[in-house]
$ cat final_0.cif   # mmCIF, C-alpha atoms
data_coords
#
loop_
_atom_site.label_atom_id
_atom_site.label_comp_id
_atom_site.auth_asym_id
_atom_site.auth_seq_id
_atom_site.Cartn_x
_atom_site.Cartn_y
_atom_site.Cartn_z
CA MET H 1 1.55 11.48 2.54
CA ASP H 2 3.66 13.88 4.54
CA PHE H 3 2.07 15.02 7.78
CA ASP H 4 1.71 18.75 8.25
CA PRO H 5 0.20 19.93 11.58
CA LYS H 6 -1.22 22.92 9.66
CA THR H 7 -3.68 20.57 7.96
CA LEU H 8 -5.39 19.80 11.28
CA THR H 9 -8.58 21.63 12.21
CA TYR H 10 -8.17 23.84 15.25
CA ASN H 11 -10.99 25.57 17.11
CA ALA H 12 -11.47 29.34 17.36
CA ASP H 13 -8.77 29.42 20.05
CA GLY H 14 -6.35 27.57 17.79
CA LEU H 15 -6.65 24.36 19.82
CA ILE H 16 -7.34 20.70 19.08
CA PRO H 17 -8.36 18.12 21.69
CA ALA H 18 -5.83 15.37 22.35
CA ILE H 19 -6.73 12.13 24.12
CA ALA H 20 -3.93 10.26 25.87
CA GLN H 21 -4.25 6.49 26.00
CA ASP H 22 -1.93 4.03 27.72
CA ALA H 23 -0.17 2.25 24.84
CA VAL H 24 0.03 -1.00 26.79
CA SER H 25 -3.18 -1.30 28.81
CA GLY H 26 -5.44 0.74 26.51
CA GLU H 27 -6.69 2.77 29.48
CA VAL H 28 -7.81 6.28 28.54
CA LEU H 29 -5.73 8.52 30.78
CA MET H 30 -6.75 12.11 30.10
CA MET H 31 -7.87 14.65 27.54
CA ALA H 32 -6.15 18.00 27.10
CA TRP H 33 -5.52 20.50 24.30
CA MET H 34 -2.73 21.18 21.85
CA ASN H 35 -2.06 24.06 19.52
CA LEU H 36 -0.12 23.74 16.27
CA GLU H 37 3.24 24.25 17.96
CA ALA H 38 2.40 21.73 20.72
CA VAL H 39 1.65 19.12 18.05
CA ARG H 40 5.01 19.88 16.44
CA ARG H 41 6.89 19.69 19.74
CA THR H 42 5.16 16.44 20.70
CA LEU H 43 6.28 14.85 17.45
CA ASP H 44 9.78 16.31 17.55
CA THR H 45 10.55 15.53 21.18
CA ARG H 46 8.33 12.44 21.66
CA ARG H 47 7.36 14.03 24.98
CA VAL H 48 3.65 14.79 24.93
CA THR H 49 3.22 18.56 25.11
CA TYR H 50 -0.12 20.28 25.57
CA TRP H 51 -1.21 23.90 25.64
CA SER H 52 -2.43 24.88 29.09
CA ARG H 53 -5.54 27.02 28.68
CA SER H 54 -5.41 28.19 32.31
CA ARG H 55 -1.73 29.13 32.23
CA GLN H 56 -1.69 30.09 28.53
CA ALA H 57 1.63 28.30 28.19
CA PHE H 58 3.09 25.10 26.82
CA TRP H 59 2.66 22.22 29.20
CA ILE H 60 5.25 19.50 28.80
CA LYS H 61 3.38 16.76 30.61
CA GLY H 62 5.33 15.68 33.69
CA GLU H 63 7.95 18.43 33.45
CA SER H 64 7.43 19.40 37.09
CA SER H 65 5.80 16.20 38.44
CA GLY H 66 7.95 13.66 36.63
CA HIS H 67 4.79 11.98 35.36
CA VAL H 68 5.86 12.20 31.76
CA GLN H 69 4.14 10.81 28.70
CA GLU H 70 6.45 9.29 26.11
CA LEU H 71 4.79 9.31 22.71
CA VAL H 72 4.42 5.88 21.15
CA ASP H 73 2.03 6.77 18.34
CA LEU H 74 0.05 9.85 17.32
CA ARG H 75 -3.23 9.34 15.53
CA VAL H 76 -5.46 11.78 13.68
CA ASP H 77 -9.21 11.26 13.40
CA CYS H 78 -11.29 11.24 10.22
CA ASP H 79 -12.29 14.90 10.57
CA ARG H 80 -8.75 15.93 11.50
CA ASP H 81 -10.14 17.78 14.52
CA CYS H 82 -9.12 15.38 17.29
CA LEU H 83 -5.86 13.60 18.18
CA LEU H 84 -5.18 10.34 19.99
CA ALA H 85 -1.76 9.95 21.59
CA LEU H 86 -0.72 6.45 22.58
CA VAL H 87 1.78 6.91 25.37
CA ASN H 88 4.01 5.28 27.89
CA GLN H 89 2.79 6.99 31.06
CA THR H 90 5.11 7.28 34.03
CA GLY H 91 3.09 7.22 37.26
CA PRO H 92 -0.30 8.90 37.49
CA ALA H 93 -1.63 10.93 34.55
CA CYS H 94 -4.09 12.87 36.73
CA HIS H 95 -3.18 15.84 38.91
CA THR H 96 -5.10 14.10 41.73
CA ASN H 97 -2.40 11.42 41.58
CA ARG H 98 -4.72 8.85 40.07
CA ARG H 99 -3.61 6.83 37.10
CA SER H 100 -6.40 8.23 34.93
CA CYS H 101 -8.50 11.40 35.11
CA PHE H 102 -11.60 9.30 34.39
CA TYR H 103 -11.90 7.79 37.86
CA THR H 104 -15.55 8.68 38.46
CA SER H 105 -18.27 6.41 37.15
CA VAL H 106 -21.96 7.31 36.88
CA GLU H 107 -24.00 4.32 38.00
CA ASP H 108 -27.76 4.31 38.55
CA GLY H 109 -27.77 8.08 38.95
CA SER H 110 -24.91 8.16 41.45
CA GLU H 111 -21.20 8.88 41.22
CA ARG H 112 -18.75 6.22 42.29
CA GLU H 113 -14.98 6.55 42.56
CA LEU H 114 -13.23 3.74 40.74
CA MET H 115 -9.63 4.31 41.74
CA ALA H 116 -7.62 5.72 44.59
CA PRO H 117 -4.64 8.06 44.31
CA MET H 118 -1.35 6.26 43.69
CA VAL H 119 1.17 6.28 46.52
CA MET G 1 -23.25 11.31 45.59
CA ASP G 2 -26.10 11.80 43.15
CA PHE G 3 -25.04 12.64 39.63
CA ASP G 4 -26.46 15.82 38.13
CA PRO G 5 -25.46 16.64 34.54
CA LYS G 6 -25.76 20.33 35.47
CA THR G 7 -22.60 19.96 37.57
CA LEU G 8 -20.51 19.27 34.47
CA THR G 9 -18.52 22.04 32.87
CA TYR G 10 -19.71 22.90 29.38
CA ASN G 11 -17.92 25.21 26.95
CA ALA G 12 -19.28 28.53 25.66
CA ASP G 13 -21.51 26.60 23.24
CA GLY G 14 -22.91 24.49 26.07
CA LEU G 15 -20.99 21.40 24.97
CA ILE G 16 -18.70 18.86 26.60
CA PRO G 17 -16.39 16.49 24.70
CA ALA G 18 -17.27 12.80 24.97
CA ILE G 19 -14.83 10.03 24.07
CA ALA G 20 -16.28 6.67 23.08
CA GLN G 21 -14.19 3.63 23.94
CA ASP G 22 -14.94 0.00 23.10
CA ALA G 23 -15.85 -1.55 26.46
CA VAL G 24 -14.34 -4.89 25.47
CA SER G 25 -11.23 -4.16 23.38
CA GLY G 26 -10.39 -0.77 24.90
CA GLU G 27 -10.07 0.73 21.42
CA VAL G 28 -10.81 4.46 21.30
CA LEU G 29 -13.54 4.76 18.69
CA MET G 30 -14.38 8.45 18.32
CA MET G 31 -14.79 11.78 20.03
CA ALA G 32 -17.89 13.91 19.70
CA TRP G 33 -19.83 16.43 21.74
CA MET G 34 -22.77 16.33 24.12
CA ASN G 35 -24.88 19.06 25.64
CA LEU G 36 -26.66 18.72 28.98
CA GLU G 37 -29.74 17.10 27.45
CA ALA G 38 -27.62 14.65 25.41
CA VAL G 39 -25.89 13.53 28.62
CA ARG G 40 -29.31 12.99 30.19
CA ARG G 41 -30.66 11.08 27.21
CA THR G 42 -27.54 8.93 27.02
CA LEU G 43 -27.97 7.91 30.66
CA ASP G 44 -31.74 7.46 30.43
CA THR G 45 -31.81 5.46 27.19
CA ARG G 46 -28.34 3.79 27.41
CA ARG G 47 -28.02 4.72 23.72
CA VAL G 48 -25.14 7.13 23.30
CA THR G 49 -26.53 10.44 22.10
CA TYR G 50 -24.39 13.35 20.95
CA TRP G 51 -25.13 16.89 19.86
CA SER G 52 -24.30 17.38 16.20
CA ARG G 53 -22.61 20.74 15.80
CA SER G 54 -23.03 20.70 12.02
CA ARG G 55 -26.71 19.77 12.10
CA GLN G 56 -27.45 21.52 15.43
CA ALA G 57 -29.54 18.54 16.45
CA PHE G 58 -29.42 15.53 18.71
CA TRP G 59 -27.50 12.69 17.16
CA ILE G 60 -28.51 9.28 18.44
CA LYS G 61 -25.46 7.39 17.28
CA GLY G 62 -26.45 4.72 14.78
CA GLU G 63 -30.04 5.88 14.44
CA SER G 64 -29.80 5.93 10.65
CA SER G 65 -26.76 3.67 10.08
CA GLY G 66 -27.58 1.00 12.65
CA HIS G 67 -24.09 1.43 14.09
CA VAL G 68 -25.38 2.07 17.59
CA GLN G 69 -23.42 2.54 20.77
CA GLU G 70 -24.92 0.86 23.82
CA LEU G 71 -23.71 2.57 26.97
CA VAL G 72 -21.85 0.29 29.36
CA ASP G 73 -20.36 2.92 31.67
CA LEU G 74 -20.16 6.70 31.67
CA ARG G 75 -17.15 8.31 33.32
CA VAL G 76 -16.48 11.92 34.28
CA ASP G 77 -12.96 13.34 34.43
CA CYS G 78 -11.35 15.16 37.36
CA ASP G 79 -12.18 18.62 35.98
CA ARG G 80 -15.71 17.54 35.06
CA ASP G 81 -15.16 18.95 31.58
CA CYS G 82 -14.75 15.71 29.61
CA LEU G 83 -16.68 12.43 29.45
CA LEU G 84 -15.62 8.89 28.62
CA ALA G 85 -18.33 6.53 27.43
CA LEU G 86 -17.51 2.83 27.49
CA VAL G 87 -19.72 1.29 24.85
CA ASN G 88 -20.74 -1.81 23.01
CA GLN G 89 -20.26 -0.66 19.43
CA THR G 90 -22.24 -2.29 16.65
CA GLY G 91 -20.21 -2.25 13.42
CA PRO G 92 -18.01 0.70 12.53
CA ALA G 93 -18.00 3.81 14.71
CA CYS G 94 -16.63 6.02 11.94
CA HIS G 95 -18.69 7.53 9.12
CA THR G 96 -15.98 6.21 6.75
CA ASN G 97 -17.08 2.72 7.78
CA ARG G 98 -13.94 2.07 9.76
CA ARG G 99 -14.17 0.62 13.22
CA SER G 100 -12.51 3.73 14.75
CA CYS G 101 -12.17 7.33 13.59
CA PHE G 102 -8.50 7.24 14.62
CA TYR G 103 -7.28 5.21 11.67
CA THR G 104 -4.47 7.51 10.60
CA SER G 105 -1.09 7.24 12.27
CA VAL G 106 1.70 9.81 12.04
CA GLU G 107 4.99 7.98 11.64
CA ASP G 108 8.33 9.60 10.84
CA GLY G 109 6.59 12.66 9.43
CA SER G 110 4.20 10.71 7.22
CA GLU G 111 0.60 9.62 7.50
CA ARG G 112 -0.23 5.94 7.38
CA GLU G 113 -3.68 4.35 7.28
CA LEU G 114 -4.00 1.65 9.90
CA MET G 115 -7.35 0.15 9.03
CA ALA G 116 -9.60 -0.39 6.04
CA PRO G 117 -13.33 0.25 5.90
CA MET G 118 -15.41 -2.66 7.20
CA VAL G 119 -17.43 -4.58 4.63
#
$ encode --input "final_0.cif" --output "structure tokens"
Amino acid sequence: MDFDPKTLTYNADGLIPAIAQDAVSGEVLMMAWMNLEAVRRTLDTRRVTYWSRSRQAFWIKGESSGHVQELVDLRVDCDRDCLLALVNQTGPACHTNRRSCFYTSVEDGSERELMAPMV
Amino acid sequence: MDFDPKTLTYNADGLIPAIAQDAVSGEVLMMAWMNLEAVRRTLDTRRVTYWSRSRQAFWIKGESSGHVQELVDLRVDCDRDCLLALVNQTGPACHTNRRSCFYTSVEDGSERELMAPMV
């Protein structure tokens, strides 16, 4: 079946959540949002492209930082309202310079930092 | 630092996206939503509990199907607006009886099913 980004389910703001996962290690790196055109651009360019809600602009991941995400595989979930991008991540995915945005663990009611910023 | 679910950032509907990942294989299983009380219940009971937007009710994953998610680790992202639950998943995570909801891959403009329902 041909894939048409129009067949995805977007929220009231026209956005769909996209999870980025390291294609090699399986580590979940981040979650951000795409609109229809960002999905198209991600597939066309193989450079993962989100929609920045704060800047209201396309966000080609790594364009300014160099921490690009090369698309390896794009997956659609059963409800067609969430995407999973398997990527080759250059450097840290997180703006705090950590490999993953999910560096805080909740353990016995306390928060614990699992990873340090990359140098 | 003590963890307080009130310090998370919820959307206008009071919800935060939660990604479930297999704690052993690293496979991303599904994405659903939690509200503040679902986060609390998930941590208190170690049974992953979502908020069902369609039913407008708590959704203790696997309560009717038996396909429960035992919480291994709960992680908060840098912006505190997304959660990652590492889980021990019993059986399929997807309502289609597949192990993961992300069973459809987009390849060269076409959709391809990567996994069959579990028996």
$ atom_distance --input "final_0.cif" --atom1 "CA of Val76 (chain H)" --atom2 "CA of Ala116 (chain G)"
15.0 Å
$ resolve_selection --input "final_0.cif" --expression "the PyMOL selection byres ((chain H) within 6 of (chain G))" --output "list of chain:residue names"
H:Met1, H:Asp2, H:Phe3, H:Gly26, H:Leu74, H:Arg75, H:Val76, H:Asp77, H:Cys78, H:Cys101, H:Phe102, H:Thr104, H:Ser105, H:Val106, H:Gly109, H:Ser110, H:Glu111
$ write_last_selection --input "final_0.cif" --atoms "C-alpha atoms" --output "PDB file, in the frame of the given file"
ATOM      1  CA  MET H   1       1.550  11.480   2.540  1.00  0.00           C
ATOM      2  CA  ASP H   2       3.660  13.880   4.540  1.00  0.00           C
ATOM      3  CA  PHE H   3       2.070  15.020   7.780  1.00  0.00           C
ATOM      4  CA  GLY H  26      -5.440   0.740  26.510  1.00  0.00           C
ATOM      5  CA  LEU H  74       0.050   9.850  17.320  1.00  0.00           C
ATOM      6  CA  ARG H  75      -3.230   9.340  15.530  1.00  0.00           C
ATOM      7  CA  VAL H  76      -5.460  11.780  13.680  1.00  0.00           C
ATOM      8  CA  ASP H  77      -9.210  11.260  13.400  1.00  0.00           C
ATOM      9  CA  CYS H  78     -11.290  11.240  10.220  1.00  0.00           C
ATOM     10  CA  CYS H 101      -8.500  11.400  35.110  1.00  0.00           C
ATOM     11  CA  PHE H 102     -11.600   9.300  34.390  1.00  0.00           C
ATOM     12  CA  THR H 104     -15.550   8.680  38.460  1.00  0.00           C
ATOM     13  CA  SER H 105     -18.270   6.410  37.150  1.00  0.00           C
ATOM     14  CA  VAL H 106     -21.960   7.310  36.880  1.00  0.00           C
ATOM     15  CA  GLY H 109     -27.770   8.080  38.950  1.00  0.00           C
ATOM     16  CA  SER H 110     -24.910   8.160  41.450  1.00  0.00           C
ATOM     17  CA  GLU H 111     -21.200   8.880  41.220  1.00  0.00           C
TER      18      GLU H 111
END
$ axis_aligned_box --input "final_0.cif" --around "region 71-89 of chain G" --padding-each-side "5 Å" --output "JSON"
{"center_x": -17.5, "center_y": 8.6, "center_z": 28.4, "size_x": 22.4, "size_y": 30.8, "size_z": 27.9}
$ calpha_fit_and_write --input "final_0.cif" --fixed "chain H" --moving "chain G" --output "mmCIF file with C-alpha atoms, in the coordinates of the input"
data_model
loop_
_atom_site.group_PDB
_atom_site.id
_atom_site.type_symbol
_atom_site.label_atom_id
_atom_site.label_comp_id
_atom_site.auth_asym_id
_atom_site.auth_seq_id
_atom_site.Cartn_x
_atom_site.Cartn_y
_atom_site.Cartn_z
ATOM 1 C CA MET G 1 1.547 11.471 2.518
ATOM 2 C CA ASP G 2 3.647 13.884 4.538
ATOM 3 C CA PHE G 3 2.075 15.024 7.771
ATOM 4 C CA ASP G 4 1.710 18.765 8.268
ATOM 5 C CA PRO G 5 0.195 19.935 11.569
ATOM 6 C CA LYS G 6 -1.228 22.925 9.671
ATOM 7 C CA THR G 7 -3.681 20.556 7.967
ATOM 8 C CA LEU G 8 -5.401 19.811 11.275
ATOM 9 C CA THR G 9 -8.572 21.617 12.211
ATOM 10 C CA TYR G 10 -8.177 23.833 15.255
ATOM 11 C CA ASN G 11 -11.011 25.569 17.098
ATOM 12 C CA ALA G 12 -11.482 29.344 17.361
ATOM 13 C CA ASP G 13 -8.776 29.427 20.049
ATOM 14 C CA GLY G 14 -6.351 27.567 17.795
ATOM 15 C CA LEU G 15 -6.646 24.357 19.807
ATOM 16 C CA ILE G 16 -7.338 20.705 19.074
ATOM 17 C CA PRO G 17 -8.372 18.127 21.691
ATOM 18 C CA ALA G 18 -5.831 15.377 22.354
ATOM 19 C CA ILE G 19 -6.720 12.135 24.125
ATOM 20 C CA ALA G 20 -3.922 10.267 25.873
ATOM 21 C CA GLN G 21 -4.255 6.496 26.000
ATOM 22 C CA ASP G 22 -1.932 4.030 27.723
ATOM 23 C CA ALA G 23 -0.166 2.267 24.844
ATOM 24 C CA VAL G 24 0.025 -0.988 26.789
ATOM 25 C CA SER G 25 -3.195 -1.295 28.817
ATOM 26 C CA GLY G 26 -5.436 0.746 26.510
ATOM 27 C CA GLU G 27 -6.668 2.780 29.477
ATOM 28 C CA VAL G 28 -7.797 6.292 28.548
ATOM 29 C CA LEU G 29 -5.723 8.534 30.790
ATOM 30 C CA MET G 30 -6.762 12.127 30.105
ATOM 31 C CA MET G 31 -7.864 14.660 27.545
ATOM 32 C CA ALA G 32 -6.177 18.006 27.082
ATOM 33 C CA TRP G 33 -5.529 20.497 24.317
ATOM 34 C CA MET G 34 -2.737 21.174 21.854
ATOM 35 C CA ASN G 35 -2.076 24.061 19.520
ATOM 36 C CA LEU G 36 -0.122 23.731 16.278
ATOM 37 C CA GLU G 37 3.244 24.240 17.970
ATOM 38 C CA ALA G 38 2.405 21.722 20.729
ATOM 39 C CA VAL G 39 1.640 19.107 18.060
ATOM 40 C CA ARG G 40 5.006 19.858 16.460
ATOM 41 C CA ARG G 41 6.891 19.690 19.742
ATOM 42 C CA THR G 42 5.160 16.457 20.711
ATOM 43 C CA LEU G 43 6.272 14.835 17.454
ATOM 44 C CA ASP G 44 9.778 16.308 17.537
ATOM 45 C CA THR G 45 10.565 15.526 21.180
ATOM 46 C CA ARG G 46 8.327 12.420 21.652
ATOM 47 C CA ARG G 47 7.350 14.031 24.973
ATOM 48 C CA VAL G 48 3.651 14.799 24.932
ATOM 49 C CA THR G 49 3.217 18.555 25.108
ATOM 50 C CA TYR G 50 -0.121 20.287 25.585
ATOM 51 C CA TRP G 51 -1.226 23.899 25.638
ATOM 52 C CA SER G 52 -2.439 24.891 29.083
ATOM 53 C CA ARG G 53 -5.544 27.015 28.688
ATOM 54 C CA SER G 54 -5.417 28.188 32.304
ATOM 55 C CA ARG G 55 -1.741 29.132 32.223
ATOM 56 C CA GLN G 56 -1.692 30.064 28.504
ATOM 57 C CA ALA G 57 1.626 28.284 28.175
ATOM 58 C CA PHE G 58 3.105 25.100 26.813
ATOM 59 C CA TRP G 59 2.660 22.219 29.191
ATOM 60 C CA ILE G 60 5.253 19.496 28.800
ATOM 61 C CA LYS G 61 3.393 16.772 30.628
ATOM 62 C CA GLY G 62 5.356 15.668 33.675
ATOM 63 C CA GLU G 63 7.933 18.435 33.447
ATOM 64 C CA SER G 64 7.437 19.373 37.094
ATOM 65 C CA SER G 65 5.802 16.186 38.453
ATOM 66 C CA GLY G 66 7.965 13.651 36.637
ATOM 67 C CA HIS G 67 4.798 11.972 35.377
ATOM 68 C CA VAL G 68 5.868 12.188 31.754
ATOM 69 C CA GLN G 69 4.144 10.806 28.705
ATOM 70 C CA GLU G 70 6.468 9.295 26.118
ATOM 71 C CA LEU G 71 4.812 9.317 22.717
ATOM 72 C CA VAL G 72 4.426 5.885 21.154
ATOM 73 C CA ASP G 73 2.030 6.769 18.335
ATOM 74 C CA LEU G 74 0.062 9.845 17.341
ATOM 75 C CA ARG G 75 -3.230 9.328 15.532
ATOM 76 C CA VAL G 76 -5.464 11.783 13.692
ATOM 77 C CA ASP G 77 -9.217 11.265 13.411
ATOM 78 C CA CYS G 78 -11.291 11.247 10.219
ATOM 79 C CA ASP G 79 -12.299 14.911 10.567
ATOM 80 C CA ARG G 80 -8.752 15.925 11.497
ATOM 81 C CA ASP G 81 -10.144 17.774 14.505
ATOM 82 C CA CYS G 82 -9.103 15.386 17.290
ATOM 83 C CA LEU G 83 -5.864 13.593 18.186
ATOM 84 C CA LEU G 84 -5.172 10.341 20.000
ATOM 85 C CA ALA G 85 -1.756 9.964 21.588
ATOM 86 C CA LEU G 86 -0.716 6.455 22.572
ATOM 87 C CA VAL G 87 1.772 6.914 25.370
ATOM 88 C CA ASN G 88 4.010 5.288 27.895
ATOM 89 C CA GLN G 89 2.797 6.978 31.063
ATOM 90 C CA THR G 90 5.116 7.291 34.034
ATOM 91 C CA GLY G 91 3.092 7.222 37.268
ATOM 92 C CA PRO G 92 -0.299 8.890 37.488
ATOM 93 C CA ALA G 93 -1.633 10.914 34.564
ATOM 94 C CA CYS G 94 -4.075 12.856 36.732
ATOM 95 C CA HIS G 95 -3.178 15.851 38.900
ATOM 96 C CA THR G 96 -5.094 14.090 41.716
ATOM 97 C CA ASN G 97 -2.401 11.409 41.580
ATOM 98 C CA ARG G 98 -4.712 8.846 40.065
ATOM 99 C CA ARG G 99 -3.584 6.817 37.109
ATOM 100 C CA SER G 100 -6.410 8.231 34.923
ATOM 101 C CA CYS G 101 -8.497 11.399 35.102
ATOM 102 C CA PHE G 102 -11.604 9.308 34.387
ATOM 103 C CA TYR G 103 -11.915 7.812 37.848
ATOM 104 C CA THR G 104 -15.546 8.693 38.456
ATOM 105 C CA SER G 105 -18.269 6.418 37.154
ATOM 106 C CA VAL G 106 -21.952 7.312 36.881
ATOM 107 C CA GLU G 107 -23.999 4.322 37.979
ATOM 108 C CA ASP G 108 -27.754 4.310 38.545
ATOM 109 C CA GLY G 109 -27.776 8.078 38.966
ATOM 110 C CA SER G 110 -24.906 8.165 41.447
ATOM 111 C CA GLU G 111 -21.210 8.884 41.221
ATOM 112 C CA ARG G 112 -18.744 6.222 42.261
ATOM 113 C CA GLU G 113 -14.969 6.552 42.544
ATOM 114 C CA LEU G 114 -13.227 3.740 40.723
ATOM 115 C CA MET G 115 -9.635 4.303 41.730
ATOM 116 C CA ALA G 116 -7.611 5.714 44.594
ATOM 117 C CA PRO G 117 -4.650 8.058 44.303
ATOM 118 C CA MET G 118 -1.355 6.257 43.686
ATOM 119 C CA VAL G 119 1.152 6.290 46.530
#
$ residues_near_point --input "final_0.cif" --point "(-28.6, 4.7, 25.0)" --cutoff "12 Å" --atoms "all atoms listed in the file" --output "VMD selection string"
chain G and resid 38 to 50 59 to 63 68 to 74 85 to 89
$ closest_residue --input "final_0.cif" --among "H:Met115, H:Ala23, H:Met34, H:Ile16" --to "Thr90 (chain H)" --atoms "only C-alpha atoms"
H:Ala23
$ atom_distance --input "final_0.cif" --atom1 "CA of Ala12 (chain G)" --atom2 "CA of Asn11 (chain H)"
12.3 Å
$ atom_distance --input "final_0.cif" --atom1 "CA of Leu36 (chain G)" --atom2 "CA of Trp33 (chain H)"
21.7 Å
